file target-v1.txt (compact mmCIF, C-alpha atoms)
# COMPACT_ATOMS: atom_id res chain seq x y z
CA MET A 1 95.95 103.86 131.41
CA GLU A 2 92.18 103.66 131.75
CA LEU A 3 90.22 100.49 131.14
CA ASN A 4 88.14 100.66 127.97
CA LYS A 5 84.67 101.74 129.00
CA VAL A 6 83.08 98.36 128.45
CA LYS A 7 80.27 97.21 130.71
CA THR A 8 79.66 93.82 129.15
CA VAL A 9 81.38 91.63 126.61
CA SER A 10 80.15 88.65 124.68
CA LYS A 11 81.48 85.17 125.34
CA LYS A 12 83.56 85.43 122.15
CA GLN A 13 85.06 88.76 123.27
CA ALA A 14 85.88 87.42 126.75
CA LYS A 15 87.63 84.44 125.20
CA ALA A 16 89.49 86.81 122.88
CA TYR A 17 90.88 88.77 125.83
CA ALA A 18 92.05 85.53 127.45
CA VAL A 19 93.72 84.34 124.22
CA ILE A 20 95.63 87.62 123.84
CA ALA A 21 96.70 87.61 127.49
CA LEU A 22 97.89 84.01 127.38
CA ASP A 23 99.70 84.58 124.11
CA THR A 24 101.46 87.62 125.56
CA LEU A 25 102.48 85.71 128.69
CA GLY A 26 103.66 82.79 126.57
CA VAL A 27 106.83 84.66 125.62
CA ALA A 28 107.61 85.70 129.21
CA PRO A 29 110.64 84.04 130.78
CA ASN A 30 108.71 83.25 133.99
CA ASP A 31 106.48 80.29 134.75
CA LEU A 32 102.83 81.18 134.21
CA ASP A 33 100.23 81.12 136.93
CA VAL A 34 96.58 82.08 137.12
CA LYS A 35 97.33 85.33 138.98
CA MET A 36 99.54 86.50 136.11
CA LEU A 37 96.81 85.60 133.61
CA TRP A 38 94.24 87.47 135.73
CA GLU A 39 96.38 90.61 135.74
CA GLU A 40 97.31 90.36 132.07
CA ILE A 41 93.68 90.18 130.96
CA GLU A 42 93.07 93.55 132.61
CA VAL A 43 96.08 95.02 130.78
CA VAL A 44 94.77 93.62 127.49
CA MET A 45 91.37 95.17 128.17
CA LYS A 46 93.09 98.53 128.53
CA LEU A 47 94.82 98.11 125.19
CA TYR A 48 92.07 96.66 122.99
CA SER A 49 88.40 97.37 122.47
CA PRO A 50 86.24 94.21 122.34
CA ARG A 51 86.10 94.40 118.54
CA GLU A 52 89.89 94.86 118.24
CA ALA A 53 90.47 92.03 120.71
CA THR A 54 88.35 89.64 118.67
CA LYS A 55 90.33 90.41 115.50
CA LYS A 56 93.66 90.10 117.33
CA ALA A 57 92.67 86.79 118.93
CA GLU A 58 91.56 85.36 115.59
CA SER A 59 94.95 86.29 114.16
CA ILE A 60 96.75 84.63 117.10
CA LEU A 61 94.65 81.48 116.76
CA ASN A 62 95.34 81.29 113.02
CA LYS A 63 99.10 81.49 113.67
CA GLY A 64 99.05 78.95 116.49
CA GLY A 65 99.99 81.32 119.33
CA ASN A 66 103.07 81.48 121.57
CA ALA A 67 101.89 79.95 124.83
CA ILE A 68 102.13 76.33 125.92
CA TRP A 69 100.34 75.61 129.16
CA GLN A 70 101.72 72.70 131.18
CA LYS A 71 100.32 71.15 134.32
CA LYS A 72 102.44 71.19 137.45
CA LYS A 73 104.11 67.88 138.16

call {"tool": "encode", "arguments": {"input": "target-v1.txt", "output": "structure tokens"}}
result
Amino acid sequence: MELNKVKTVSKKQAKAYAVIALDTLGVAPNDLDVKMLWEEIEVVMKLYSPREATKKAESILNKGGNAIWQKKK
């Protein structure tokens, strides 16, 4: 799978990719870490154009999302 040919994204689009990645990882059975988020954002960028990502993220935010991030104790 090839990364969408995007050279730059806006701040809103970058945040959208992060929201989608975190939401996707939120249903994973494993504990989340920043490395997993880093890798998932790249996968999301392969799947969605910046415009599609923004729409998807807005939908996730409206529904409340799946992920709950907790600090390590």

call {"tool": "residues_around", "arguments": {"input": "target-v1.txt", "residues": "range 17-28 of chain A", "least_positions_apart": "4", "cutoff": "9 Å", "atoms": "all atoms listed in the file", "output": "list in words"}}
result
Lys12, Gln13, Leu32, Met36, Leu37, Trp38, Glu39, Glu40, Ile41, Glu42, Val43, Val44, Met45, Tyr48, Pro50, Ala53, Thr54, Lys56, Ala57, Glu58, Ile60, Leu61, Gly65, Asn66, Ala67, Ile68 and Trp69 of chain A

call {"tool": "atom_distance", "arguments": {"input": "target-v1.txt", "atom1": "CA of Gly64 in chain A", "atom2": "CA of Leu47 in chain A"}}
result
21.5 Å

call {"tool": "atom_distance", "arguments": {"input": "target-v1.txt", "atom1": "CA of Ala16 in chain A", "atom2": "CA of Arg51 in chain A"}}
result
9.4 Å

call {"tool": "closest_residue", "arguments": {"input": "target-v1.txt", "among": "A:Lys63, A:Ser49, A:Lys35, A:Asn30", "to": "Ala14 in chain A", "atoms": "only C-alpha atoms"}}
result
A:Ser49

call {"tool": "axis_aligned_box", "arguments": {"input": "target-v1.txt", "around": "range 27-36 of chain A", "padding_each_side": "3 Å", "output": "AutoDock Vina command-line options"}}
result
--center_x 103.6 --center_y 83.4 --center_z 132.3 --size_x 20.1 --size_y 12.2 --size_z 19.4

call {"tool": "build_atoms", "arguments": {"input": "target-v1.txt", "residues": "range 37-48 of chain A", "atoms": "all heavy atoms", "output": "PDB file, in the coordinates of the input"}}
result
ATOM      1  N   LEU A  37      97.819  85.547 134.676  1.00  0.00           N
ATOM      2  CA  LEU A  37      96.810  85.600 133.610  1.00  0.00           C
ATOM      3  C   LEU A  37      95.713  86.583 133.981  1.00  0.00           C
ATOM      4  O   LEU A  37      95.290  87.395 133.156  1.00  0.00           O
ATOM      5  CB  LEU A  37      96.236  84.209 133.369  1.00  0.00           C
ATOM      6  CG  LEU A  37      95.191  84.097 132.272  1.00  0.00           C
ATOM      7  CD1 LEU A  37      95.751  84.554 130.927  1.00  0.00           C
ATOM      8  CD2 LEU A  37      94.664  82.684 132.177  1.00  0.00           C
ATOM      9  N   TRP A  38      95.271  86.554 135.228  1.00  0.00           N
ATOM     10  CA  TRP A  38      94.240  87.470 135.730  1.00  0.00           C
ATOM     11  C   TRP A  38      94.654  88.921 135.504  1.00  0.00           C
ATOM     12  O   TRP A  38      93.879  89.734 135.008  1.00  0.00           O
ATOM     13  CB  TRP A  38      94.019  87.178 137.215  1.00  0.00           C
ATOM     14  CG  TRP A  38      93.063  88.080 137.922  1.00  0.00           C
ATOM     15  CD1 TRP A  38      93.367  89.198 138.631  1.00  0.00           C
ATOM     16  CD2 TRP A  38      91.652  87.944 138.007  1.00  0.00           C
ATOM     17  NE1 TRP A  38      92.244  89.769 139.155  1.00  0.00           N
ATOM     18  CE2 TRP A  38      91.165  89.006 138.791  1.00  0.00           C
ATOM     19  CE3 TRP A  38      90.749  87.017 137.513  1.00  0.00           C
ATOM     20  CZ2 TRP A  38      89.820  89.159 139.084  1.00  0.00           C
ATOM     21  CZ3 TRP A  38      89.404  87.188 137.803  1.00  0.00           C
ATOM     22  CH2 TRP A  38      88.962  88.233 138.572  1.00  0.00           C
ATOM     23  N   GLU A  39      95.882  89.241 135.880  1.00  0.00           N
ATOM     24  CA  GLU A  39      96.380  90.610 135.740  1.00  0.00           C
ATOM     25  C   GLU A  39      96.584  90.997 134.280  1.00  0.00           C
ATOM     26  O   GLU A  39      96.300  92.130 133.883  1.00  0.00           O
ATOM     27  CB  GLU A  39      97.678  90.761 136.534  1.00  0.00           C
ATOM     28  CG  GLU A  39      97.450  90.684 138.034  1.00  0.00           C
ATOM     29  CD  GLU A  39      98.730  90.560 138.840  1.00  0.00           C
ATOM     30  OE1 GLU A  39      99.823  90.454 138.259  1.00  0.00           O
ATOM     31  OE2 GLU A  39      98.618  90.553 140.088  1.00  0.00           O
ATOM     32  N   GLU A  40      97.052  90.060 133.472  1.00  0.00           N
ATOM     33  CA  GLU A  40      97.310  90.360 132.070  1.00  0.00           C
ATOM     34  C   GLU A  40      96.025  90.626 131.305  1.00  0.00           C
ATOM     35  O   GLU A  40      95.993  91.465 130.404  1.00  0.00           O
ATOM     36  CB  GLU A  40      98.109  89.227 131.415  1.00  0.00           C
ATOM     37  CG  GLU A  40      98.585  89.540 130.014  1.00  0.00           C
ATOM     38  CD  GLU A  40      99.592  90.694 129.944  1.00  0.00           C
ATOM     39  OE1 GLU A  40     100.256  91.000 130.947  1.00  0.00           O
ATOM     40  OE2 GLU A  40      99.713  91.296 128.863  1.00  0.00           O
ATOM     41  N   ILE A  41      94.955  89.935 131.638  1.00  0.00           N
ATOM     42  CA  ILE A  41      93.680  90.180 130.960  1.00  0.00           C
ATOM     43  C   ILE A  41      93.249  91.630 131.166  1.00  0.00           C
ATOM     44  O   ILE A  41      92.774  92.284 130.233  1.00  0.00           O
ATOM     45  CB  ILE A  41      92.594  89.184 131.423  1.00  0.00           C
ATOM     46  CG1 ILE A  41      92.898  87.798 130.863  1.00  0.00           C
ATOM     47  CG2 ILE A  41      91.199  89.643 130.980  1.00  0.00           C
ATOM     48  CD1 ILE A  41      91.994  86.700 131.373  1.00  0.00           C
ATOM     49  N   GLU A  42      93.435  92.152 132.369  1.00  0.00           N
ATOM     50  CA  GLU A  42      93.070  93.550 132.610  1.00  0.00           C
ATOM     51  C   GLU A  42      93.919  94.496 131.761  1.00  0.00           C
ATOM     52  O   GLU A  42      93.411  95.469 131.209  1.00  0.00           O
ATOM     53  CB  GLU A  42      93.201  93.904 134.093  1.00  0.00           C
ATOM     54  CG  GLU A  42      92.633  95.270 134.390  1.00  0.00           C
ATOM     55  CD  GLU A  42      92.409  95.509 135.864  1.00  0.00           C
ATOM     56  OE1 GLU A  42      92.088  94.568 136.596  1.00  0.00           O
ATOM     57  OE2 GLU A  42      92.555  96.675 136.266  1.00  0.00           O
ATOM     58  N   VAL A  43      95.201  94.204 131.633  1.00  0.00           N
ATOM     59  CA  VAL A  43      96.080  95.020 130.780  1.00  0.00           C
ATOM     60  C   VAL A  43      95.588  94.971 129.336  1.00  0.00           C
ATOM     61  O   VAL A  43      95.502  96.000 128.660  1.00  0.00           O
ATOM     62  CB  VAL A  43      97.546  94.535 130.869  1.00  0.00           C
ATOM     63  CG1 VAL A  43      98.417  95.229 129.829  1.00  0.00           C
ATOM     64  CG2 VAL A  43      98.094  94.764 132.270  1.00  0.00           C
ATOM     65  N   VAL A  44      95.255  93.781 128.870  1.00  0.00           N
ATOM     66  CA  VAL A  44      94.770  93.620 127.490  1.00  0.00           C
ATOM     67  C   VAL A  44      93.483  94.400 127.283  1.00  0.00           C
ATOM     68  O   VAL A  44      93.284  95.022 126.232  1.00  0.00           O
ATOM     69  CB  VAL A  44      94.591  92.118 127.162  1.00  0.00           C
ATOM     70  CG1 VAL A  44      93.886  91.926 125.835  1.00  0.00           C
ATOM     71  CG2 VAL A  44      95.942  91.415 127.148  1.00  0.00           C
ATOM     72  N   MET A  45      92.621  94.420 128.294  1.00  0.00           N
ATOM     73  CA  MET A  45      91.370  95.170 128.170  1.00  0.00           C
ATOM     74  C   MET A  45      91.611  96.671 128.094  1.00  0.00           C
ATOM     75  O   MET A  45      90.799  97.403 127.540  1.00  0.00           O
ATOM     76  CB  MET A  45      90.431  94.828 129.327  1.00  0.00           C
ATOM     77  CG  MET A  45      89.908  93.412 129.254  1.00  0.00           C
ATOM     78  SD  MET A  45      88.788  93.009 130.600  1.00  0.00           S
ATOM     79  CE  MET A  45      87.267  93.705 129.934  1.00  0.00           C
ATOM     80  N   LYS A  46      92.733  97.116 128.642  1.00  0.00           N
ATOM     81  CA  LYS A  46      93.090  98.530 128.530  1.00  0.00           C
ATOM     82  C   LYS A  46      93.595  98.856 127.129  1.00  0.00           C
ATOM     83  O   LYS A  46      93.447  99.977 126.655  1.00  0.00           O
ATOM     84  CB  LYS A  46      94.164  98.888 129.559  1.00  0.00           C
ATOM     85  CG  LYS A  46      93.668  98.856 130.984  1.00  0.00           C
ATOM     86  CD  LYS A  46      94.785  99.134 131.956  1.00  0.00           C
ATOM     87  CE  LYS A  46      94.293  99.023 133.391  1.00  0.00           C
ATOM     88  NZ  LYS A  46      95.370  99.211 134.362  1.00  0.00           N
ATOM     89  N   LEU A  47      94.193  97.877 126.492  1.00  0.00           N
ATOM     90  CA  LEU A  47      94.820  98.110 125.190  1.00  0.00           C
ATOM     91  C   LEU A  47      93.890  97.920 123.999  1.00  0.00           C
ATOM     92  O   LEU A  47      94.071  98.565 122.967  1.00  0.00           O
ATOM     93  CB  LEU A  47      96.032  97.188 125.024  1.00  0.00           C
ATOM     94  CG  LEU A  47      97.177  97.416 125.997  1.00  0.00           C
ATOM     95  CD1 LEU A  47      98.226  96.326 125.823  1.00  0.00           C
ATOM     96  CD2 LEU A  47      97.788  98.795 125.796  1.00  0.00           C
ATOM     97  N   TYR A  48      92.920  97.018 124.136  1.00  0.00           N
ATOM     98  CA  TYR A  48      92.070  96.660 122.990  1.00  0.00           C
ATOM     99  C   TYR A  48      90.591  96.831 123.312  1.00  0.00           C
ATOM    100  O   TYR A  48      90.139  96.415 124.373  1.00  0.00           O
ATOM    101  CB  TYR A  48      92.296  95.195 122.585  1.00  0.00           C
ATOM    102  CG  TYR A  48      93.700  94.879 122.148  1.00  0.00           C
ATOM    103  CD1 TYR A  48      94.610  94.324 123.035  1.00  0.00           C
ATOM    104  CD2 TYR A  48      94.116  95.120 120.849  1.00  0.00           C
ATOM    105  CE1 TYR A  48      95.906  94.024 122.645  1.00  0.00           C
ATOM    106  CE2 TYR A  48      95.397  94.819 120.443  1.00  0.00           C
ATOM    107  CZ  TYR A  48      96.294  94.275 121.342  1.00  0.00           C
ATOM    108  OH  TYR A  48      97.567  93.976 120.945  1.00  0.00           O
TER     109      TYR A  48
END
